[in-house]
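Heads up, the thing below is written out as structure tokens.
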Amino acid sequence: MPEFLSKKRIAFFLPALHGGGAEKVAINLLKGMLQYDVSLDLVLASKEGPYLEQVPSQVKIIDLEAGRVIKAIAPLSGYLRQTKPDALLSHMNHANAIAVMAKQLASTNTRLVLVEHDTLSVARSKLLRAKLVPLFMKWLYPSADAIVGVSQGVTDDLGKYLGIVPYKLHTIYNPVVDEELIDKAKATLDHPWFQNQAIPVFLAVGRLTLQKDFSTLIKAFAILRQTQQARLLILGEGEARQELEALMQELKIIEDVSLPGFVDNPYPYMSKATAFVLSSRWEGLPTVLIEAMACGCPVISTNCPSGPQEILAAGKYGFLVPVGDVNALATAMLKVLSNPTKQELLIQRSQDFSLQQAVPKYLNLLGY
């Protein structure tokens, strides 16, 4: 049978490939699906971002050249009419709303599955865009064939705030851990702070944004630094950089905190850091927390909605602290130095968030 008749074509839709957790999840899913007999398209509103280099060569990239994702409705609709993929998997709520409209405009039989990475009820109260998007979500999401929440907290939240019928809602943990991650963690790390193991190094990874709340982490580190020699490394880039640098200056810890920007391979840092800290105000299922555990790094996390409570099994696999609580975070950072979780336990738990677990569940939803 000819290939075009035998292979199912699955398309992914994202705004772009900037360095975020949702984009990383999409790339991992693409890699995992390559093991199956499917053709894969990656449709981007705008072909840009550091993760482009990580897209497997077997995946066909379609650049809609739309710039902002809201301008992608017509070109995405055109793609669906022309290519007629068997299924479209869309990530991130603003892109998901566009995907629903594009499919309605195209009038194709493409099966549409939306992936929700954020806890809507929290995110919508923080950002102007996020206050408008839920209105469209409530109107458009019911038209999708299935909706995936990346944690049970996200799924429950979607059902409650959007009124989605239960049979359309599914929870699939993100495919975070694979052999490539483990191999990348073994790369040589030429950073002066890791040469002297006598001084603990705390690590955080994420965009420098309000959501990640690195200001609380920096304040907590300043408290720790009063009694304990230590260093803090935050990998990521974003609009809060100047504000965070000013805070470091004000707290007089500029020599012990570093913001080197986005790093393509954070895993050697995770494997060598004393502890990993997630200080977020809200999440969906924080990828970096699982990645750190897979690298055997002890973890501390805010008990934010949603994900950390599930990942850490209510504190069994790491420290959980209240969101925005500077003193509680500083105390946990001190405690982890004398009472780190065993590496074997962390690595074992991380396997619950592997490609092998997630990919078959997604393919089933996509009609494979």
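Ligands are numbered from 1 in the order shown, residues from 1 within each chain, and chains are lettered A, B, ... in the order they appear in the structure tokens.
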
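Residue-level DSSP output for stretch 31-98 of chain A, from the backbone, shows helix (DSSP H, G or I) at Lys31, Gly32, Met33, Pro50, Tyr51, Leu52, Glu53, Gln54, Val69, Ile70, Lys71, Ala72, Ile73, Ala74, Pro75, Leu76, Ser77, Gly78, Tyr79, Leu80, Arg81, Gln82, Thr83, Asn93, His94, Ala95, Asn96, Ala97 and Ile98 of chain A.
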
Just C-alpha atoms for this one: save the residues we selected as a PDB file, in the first residue's frame.
ATOM      1  CA  LYS A  31      10.520  12.360  19.166  1.00  0.00           C
ATOM      2  CA  GLY A  32       8.487   9.665  20.879  1.00  0.00           C
ATOM      3  CA  MET A  33       5.958   9.380  18.046  1.00  0.00           C
ATOM      4  CA  PRO A  50      15.911  28.255  20.288  1.00  0.00           C
ATOM      5  CA  TYR A  51      14.127  24.880  20.328  1.00  0.00           C
ATOM      6  CA  LEU A  52      13.977  24.763  16.511  1.00  0.00           C
ATOM      7  CA  GLU A  53      17.351  23.036  16.549  1.00  0.00           C
ATOM      8  CA  GLN A  54      15.881  20.193  18.619  1.00  0.00           C
ATOM      9  CA  VAL A  69      -0.659  33.513  16.823  1.00  0.00           C
ATOM     10  CA  ILE A  70      -3.985  35.373  16.472  1.00  0.00           C
ATOM     11  CA  LYS A  71      -3.129  35.960  12.804  1.00  0.00           C
ATOM     12  CA  ALA A  72      -2.719  32.225  12.201  1.00  0.00           C
ATOM     13  CA  ILE A  73      -6.435  31.366  11.830  1.00  0.00           C
ATOM     14  CA  ALA A  74      -6.608  31.702   8.035  1.00  0.00           C
ATOM     15  CA  PRO A  75      -3.215  30.112   7.207  1.00  0.00           C
ATOM     16  CA  LEU A  76      -3.815  27.222   9.648  1.00  0.00           C
ATOM     17  CA  SER A  77      -7.253  26.675   8.115  1.00  0.00           C
ATOM     18  CA  GLY A  78      -5.632  26.613   4.674  1.00  0.00           C
ATOM     19  CA  TYR A  79      -3.110  24.027   5.864  1.00  0.00           C
ATOM     20  CA  LEU A  80      -5.911  21.806   7.237  1.00  0.00           C
ATOM     21  CA  ARG A  81      -7.906  22.029   3.982  1.00  0.00           C
ATOM     22  CA  GLN A  82      -4.893  21.318   1.787  1.00  0.00           C
ATOM     23  CA  THR A  83      -3.063  18.661   3.820  1.00  0.00           C
ATOM     24  CA  ASN A  93      -4.486  27.945  25.445  1.00  0.00           C
ATOM     25  CA  HIS A  94      -4.231  30.925  23.062  1.00  0.00           C
ATOM     26  CA  ALA A  95      -3.040  28.614  20.264  1.00  0.00           C
ATOM     27  CA  ASN A  96      -5.750  26.105  21.145  1.00  0.00           C
ATOM     28  CA  ALA A  97      -8.486  28.692  20.653  1.00  0.00           C
ATOM     29  CA  ILE A  98      -7.014  29.539  17.233  1.00  0.00           C
TER      30      ILE A  98
END

A:Gly21 environment, 12 Å, only C-alpha atoms, sequence neighbours closer than 5 positions dropped, as a ChimeraX atom specification: /A:26-28,51,91-92,116-118,150,174-176,205-207,236,283-291

Save out the residues we just selected, C-alpha atoms, as a short mmCIF file (atom, residue, chain, number, x, y, z; two decimals), in the first residue's frame.
data_model
loop_
_atom_site.label_atom_id
_atom_site.label_comp_id
_atom_site.auth_asym_id
_atom_site.auth_seq_id
_atom_site.Cartn_x
_atom_site.Cartn_y
_atom_site.Cartn_z
CA ALA A 26 5.84 19.06 22.21
CA ILE A 27 9.34 18.25 20.96
CA ASN A 28 9.58 15.24 23.28
CA TYR A 51 14.13 24.88 20.33
CA HIS A 91 -0.58 23.21 22.69
CA MET A 92 -1.10 26.32 24.88
CA GLU A 116 -3.70 22.58 28.42
CA HIS A 117 -0.42 23.29 30.24
CA ASP A 118 -1.59 25.92 32.76
CA VAL A 150 -1.04 17.78 31.96
CA ASN A 174 4.07 15.18 30.30
CA PRO A 175 6.68 13.03 28.54
CA VAL A 176 9.70 14.55 30.22
CA VAL A 205 15.46 27.17 35.55
CA GLY A 206 12.69 29.08 33.79
CA ARG A 207 11.65 32.27 32.07
CA GLY A 236 16.51 31.60 31.73
CA GLU A 283 2.15 25.89 36.81
CA GLY A 284 0.46 23.07 34.91
CA LEU A 285 2.98 20.28 35.37
CA PRO A 286 6.42 21.86 35.83
CA THR A 287 8.76 20.06 33.44
CA VAL A 288 11.94 21.37 35.04
CA LEU A 289 11.02 19.86 38.41
CA ILE A 290 10.76 16.40 36.84
CA GLU A 291 13.94 16.93 34.81
#

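Residue nearest A:Lys335, chosen from A:Ala240, A:Ala358, A:Ala275, A:Ala198 and counting only C-alpha atoms: A:Ala275.
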
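Reported to one decimal place, the separation of atom CA of A:Ala314 from atom CA of A:Ile300 is 11.9 Å.
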
Extract, using only C-alpha atoms, all DNA, RNA and protein residues at most 7 Å from A:Ser258, discarding same-chain residues fewer than 2 positions from it, and format them as a list of chain:residue names. A:Leu232, A:Leu233, A:Ile234, A:Asp256, A:Pro260

Set the distance at 10 Å and use only C-alpha atoms: which residues neighbour stretch 250-253 of chain A once local chain neighbours fewer than 4 positions away are removed? I'd like the list as a VMD selection string. chain A and resid 218 to 219 221 to 223 225 to 226 231 to 232 244 to 246 257 to 258

Need to verify the contact set: A:Ala45, 8 Å, only C-alpha atoms, exclusion of same-chain residues closer than 6 positions in sequence. Can you return it as an MDAnalysis selection string? chainID A and resid 13:16 63:69 71:72

Those residues with all heavy atoms, as a tab-separated table (two decimals), in the first residue's frame please?
chain	number	residue	atom	x	y	z
A	13	PHE	N	0.43	21.89	16.51
A	13	PHE	CA	0.35	23.34	16.29
A	13	PHE	C	0.81	24.07	17.54
A	13	PHE	O	0.32	23.81	18.65
A	13	PHE	CB	-1.08	23.76	15.94
A	13	PHE	CG	-1.24	25.26	15.81
A	13	PHE	CD1	-0.47	25.98	14.91
A	13	PHE	CD2	-2.16	25.95	16.60
A	13	PHE	CE1	-0.61	27.37	14.80
A	13	PHE	CE2	-2.31	27.33	16.50
A	13	PHE	CZ	-1.53	28.04	15.59
A	14	LEU	N	1.78	25.00	17.37
A	14	LEU	CA	2.27	25.85	18.45
A	14	LEU	C	2.54	27.25	17.90
A	14	LEU	O	2.76	27.42	16.70
A	14	LEU	CB	3.59	25.31	19.03
A	14	LEU	CG	3.51	24.05	19.88
A	14	LEU	CD1	4.03	22.86	19.10
A	14	LEU	CD2	4.33	24.21	21.14
A	15	PRO	N	2.53	28.26	18.78
A	15	PRO	CA	2.84	29.61	18.33
A	15	PRO	C	4.25	29.73	17.74
A	15	PRO	O	4.46	30.32	16.69
A	15	PRO	CB	2.70	30.46	19.60
A	15	PRO	CG	1.80	29.66	20.49
A	15	PRO	CD	2.12	28.23	20.20
A	16	ALA	N	5.25	29.17	18.47
A	16	ALA	CA	6.65	29.21	18.06
A	16	ALA	C	7.39	28.20	18.94
A	16	ALA	O	6.76	27.42	19.65
A	16	ALA	CB	7.22	30.62	18.21
A	63	ASP	N	5.85	26.64	8.34
A	63	ASP	CA	5.87	28.00	8.89
A	63	ASP	C	4.69	28.79	8.30
A	63	ASP	O	4.66	29.08	7.11
A	63	ASP	CB	7.19	28.68	8.53
A	63	ASP	CG	7.32	30.09	9.11
A	63	ASP	OD1	6.44	30.48	9.91
A	63	ASP	OD2	8.29	30.78	8.77
A	64	LEU	N	3.72	29.11	9.14
A	64	LEU	CA	2.55	29.86	8.67
A	64	LEU	C	2.87	31.34	8.44
A	64	LEU	O	2.07	32.06	7.86
A	64	LEU	CB	1.39	29.73	9.67
A	64	LEU	CG	0.86	28.30	9.92
A	64	LEU	CD1	-0.28	28.34	10.93
A	64	LEU	CD2	0.42	27.64	8.63
A	65	GLU	N	4.03	31.78	8.93
A	65	GLU	CA	4.50	33.16	8.76
A	65	GLU	C	3.44	34.16	9.20
A	65	GLU	O	3.22	35.20	8.57
A	65	GLU	CB	4.90	33.41	7.30
A	65	GLU	CG	6.02	32.50	6.82
A	65	GLU	CD	6.40	32.75	5.38
A	65	GLU	OE1	5.79	33.63	4.74
A	65	GLU	OE2	7.31	32.06	4.87
A	66	ALA	N	2.79	33.83	10.32
A	66	ALA	CA	1.70	34.67	10.80
A	66	ALA	C	2.15	35.73	11.80
A	66	ALA	O	1.40	36.65	12.13
A	66	ALA	CB	0.62	33.80	11.44
A	67	GLY	N	3.39	35.58	12.32
A	67	GLY	CA	3.81	36.49	13.38
A	67	GLY	C	3.08	36.12	14.65
A	67	GLY	O	3.30	35.06	15.22
A	68	ARG	N	2.16	36.96	15.08
A	68	ARG	CA	1.37	36.65	16.28
A	68	ARG	C	0.39	35.53	15.99
A	68	ARG	O	-0.16	35.42	14.89
A	68	ARG	CB	0.62	37.90	16.74
A	68	ARG	CG	1.54	39.01	17.24
A	68	ARG	CD	0.76	40.26	17.58
A	68	ARG	NE	-0.21	39.99	18.65
A	68	ARG	CZ	-1.30	40.74	18.84
A	68	ARG	NH1	-1.56	41.74	18.03
A	68	ARG	NH2	-2.11	40.46	19.84
A	69	VAL	N	0.16	34.72	17.01
A	69	VAL	CA	-0.66	33.51	16.82
A	69	VAL	C	-2.09	33.85	16.42
A	69	VAL	O	-2.74	33.08	15.69
A	69	VAL	CB	-0.63	32.63	18.11
A	69	VAL	CG1	-1.42	33.27	19.24
A	69	VAL	CG2	-1.15	31.24	17.82
A	71	LYS	N	-3.07	35.79	14.26
A	71	LYS	CA	-3.13	35.96	12.80
A	71	LYS	C	-3.00	34.63	12.06
A	71	LYS	O	-2.94	34.61	10.83
A	71	LYS	CB	-2.03	36.92	12.34
A	71	LYS	CG	-2.19	38.34	12.87
A	71	LYS	CD	-1.06	39.24	12.38
A	71	LYS	CE	-1.21	40.67	12.89
A	71	LYS	NZ	-0.09	41.53	12.45
A	72	ALA	N	-2.96	33.54	12.82
A	72	ALA	CA	-2.72	32.22	12.20
A	72	ALA	C	-4.00	31.49	11.81
A	72	ALA	O	-3.94	30.41	11.23
A	72	ALA	CB	-1.91	31.35	13.16

So that I can check the surroundings of A:Tyr141, please list as an mmCIF file with N, CA and C atoms, in the first residue's frame every protein, DNA and RNA residue that reaches within 12 Å of it, counting only C-alpha atoms and ignoring chain neighbours fewer than 4 positions away.
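New file out31.cif:
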data_model
loop_
_atom_site.group_PDB
_atom_site.id
_atom_site.type_symbol
_atom_site.label_atom_id
_atom_site.label_comp_id
_atom_site.auth_asym_id
_atom_site.auth_seq_id
_atom_site.Cartn_x
_atom_site.Cartn_y
_atom_site.Cartn_z
ATOM 1 N N SER A 90 -2.868 20.516 19.429
ATOM 2 C CA SER A 90 -2.509 21.911 19.673
ATOM 3 C C SER A 90 -2.116 22.111 21.133
ATOM 4 N N ASN A 93 -3.084 27.569 25.591
ATOM 5 C CA ASN A 93 -4.486 27.945 25.445
ATOM 6 C C ASN A 93 -4.786 28.948 24.336
ATOM 7 N N HIS A 94 -3.928 29.961 24.118
ATOM 8 C CA HIS A 94 -4.231 30.925 23.062
ATOM 9 C C HIS A 94 -4.124 30.281 21.680
ATOM 10 N N ALA A 95 -3.163 29.351 21.525
ATOM 11 C CA ALA A 95 -3.040 28.614 20.264
ATOM 12 C C ALA A 95 -4.208 27.641 20.096
ATOM 13 N N ASN A 96 -4.634 27.050 21.200
ATOM 14 C CA ASN A 96 -5.750 26.105 21.145
ATOM 15 C C ASN A 96 -7.030 26.765 20.631
ATOM 16 N N ALA A 97 -7.297 27.966 21.105
ATOM 17 C CA ALA A 97 -8.486 28.692 20.653
ATOM 18 C C ALA A 97 -8.415 28.946 19.148
ATOM 19 N N ILE A 98 -7.219 29.299 18.667
ATOM 20 C CA ILE A 98 -7.014 29.539 17.233
ATOM 21 C C ILE A 98 -7.215 28.241 16.452
ATOM 22 N N ALA A 99 -6.725 27.123 17.004
ATOM 23 C CA ALA A 99 -6.844 25.829 16.329
ATOM 24 C C ALA A 99 -8.310 25.433 16.138
ATOM 25 N N VAL A 100 -9.135 25.688 17.160
ATOM 26 C CA VAL A 100 -10.564 25.365 17.053
ATOM 27 C C VAL A 100 -11.204 26.191 15.938
ATOM 28 N N MET A 101 -10.909 27.493 15.915
ATOM 29 C CA MET A 101 -11.497 28.365 14.892
ATOM 30 C C MET A 101 -11.033 27.979 13.496
ATOM 31 N N LYS A 103 -10.077 25.011 12.466
ATOM 32 C CA LYS A 103 -10.710 23.753 12.049
ATOM 33 C C LYS A 103 -12.155 23.984 11.628
ATOM 34 N N GLN A 104 -12.858 24.829 12.363
ATOM 35 C CA GLN A 104 -14.246 25.146 12.002
ATOM 36 C C GLN A 104 -14.316 25.811 10.626
ATOM 37 N N LEU A 112 -9.342 16.862 16.468
ATOM 38 C CA LEU A 112 -8.662 17.951 17.172
ATOM 39 C C LEU A 112 -8.540 17.647 18.661
ATOM 40 N N VAL A 113 -7.292 17.612 19.127
ATOM 41 C CA VAL A 113 -6.997 17.391 20.546
ATOM 42 C C VAL A 113 -6.221 18.600 21.065
ATOM 43 N N LEU A 114 -6.695 19.194 22.152
ATOM 44 C CA LEU A 114 -6.058 20.368 22.751
ATOM 45 C C LEU A 114 -5.325 19.970 24.022
ATOM 46 N N VAL A 115 -4.144 20.543 24.222
ATOM 47 C CA VAL A 115 -3.367 20.271 25.430
ATOM 48 C C VAL A 115 -3.281 21.547 26.262
ATOM 49 N N GLU A 116 -3.717 21.442 27.508
ATOM 50 C CA GLU A 116 -3.699 22.584 28.418
ATOM 51 C C GLU A 116 -2.558 22.413 29.417
ATOM 52 N N VAL A 133 -8.606 35.269 27.173
ATOM 53 C CA VAL A 133 -8.553 33.948 26.561
ATOM 54 C C VAL A 133 -9.612 32.990 27.119
ATOM 55 N N PRO A 134 -9.839 32.919 28.466
ATOM 56 C CA PRO A 134 -10.855 31.981 28.972
ATOM 57 C C PRO A 134 -12.247 32.185 28.395
ATOM 58 N N LEU A 135 -12.584 33.415 28.010
ATOM 59 C CA LEU A 135 -13.892 33.655 27.395
ATOM 60 C C LEU A 135 -14.004 32.897 26.076
ATOM 61 N N PHE A 136 -12.918 32.952 25.299
ATOM 62 C CA PHE A 136 -12.879 32.215 24.037
ATOM 63 C C PHE A 136 -12.798 30.706 24.294
ATOM 64 N N MET A 137 -12.057 30.336 25.331
ATOM 65 C CA MET A 137 -11.920 28.915 25.657
ATOM 66 C C MET A 137 -13.273 28.293 25.997
ATOM 67 N N ASP A 145 -12.338 17.462 19.980
ATOM 68 C CA ASP A 145 -12.676 16.048 20.187
ATOM 69 C C ASP A 145 -12.203 15.562 21.552
ATOM 70 N N ALA A 146 -11.102 16.113 22.030
ATOM 71 C CA ALA A 146 -10.587 15.745 23.355
ATOM 72 C C ALA A 146 -9.709 16.870 23.875
ATOM 73 N N ILE A 147 -9.636 16.988 25.201
ATOM 74 C CA ILE A 147 -8.816 18.014 25.846
ATOM 75 C C ILE A 147 -7.969 17.328 26.911
ATOM 76 N N VAL A 148 -6.676 17.572 26.869
ATOM 77 C CA VAL A 148 -5.734 16.947 27.795
ATOM 78 C C VAL A 148 -5.252 17.970 28.819
ATOM 79 N N LEU A 158 -10.029 22.720 34.557
ATOM 80 C CA LEU A 158 -10.684 22.932 33.264
ATOM 81 C C LEU A 158 -12.160 22.567 33.333
ATOM 82 N N GLY A 159 -12.440 21.417 33.944
ATOM 83 C CA GLY A 159 -13.820 20.979 34.071
ATOM 84 C C GLY A 159 -14.659 21.968 34.862
ATOM 85 N N TYR A 161 -13.990 25.348 35.524
ATOM 86 C CA TYR A 161 -14.106 26.722 35.043
ATOM 87 C C TYR A 161 -14.637 26.842 33.622
ATOM 88 N N LEU A 162 -14.517 25.769 32.827
ATOM 89 C CA LEU A 162 -15.007 25.846 31.458
ATOM 90 C C LEU A 162 -16.263 25.012 31.229
ATOM 91 N N GLY A 163 -16.617 24.195 32.217
ATOM 92 C CA GLY A 163 -17.815 23.383 32.077
ATOM 93 C C GLY A 163 -17.713 22.334 30.980
ATOM 94 N N ILE A 164 -16.488 21.809 30.752
ATOM 95 C CA ILE A 164 -16.288 20.781 29.727
ATOM 96 C C ILE A 164 -16.907 19.464 30.195
ATOM 97 N N VAL A 165 -17.584 18.766 29.299
ATOM 98 C CA VAL A 165 -18.175 17.475 29.678
ATOM 99 C C VAL A 165 -17.055 16.492 30.017
ATOM 100 N N LYS A 168 -14.767 14.277 27.587
ATOM 101 C CA LYS A 168 -13.784 14.908 26.701
ATOM 102 C C LYS A 168 -12.477 15.243 27.424
ATOM 103 N N LEU A 169 -12.474 15.146 28.737
ATOM 104 C CA LEU A 169 -11.294 15.524 29.528
ATOM 105 C C LEU A 169 -10.430 14.316 29.851
#

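Note that the spacing between atom CA of A:Tyr36 and atom CA of A:Ile61 amounts to 18.5 Å.
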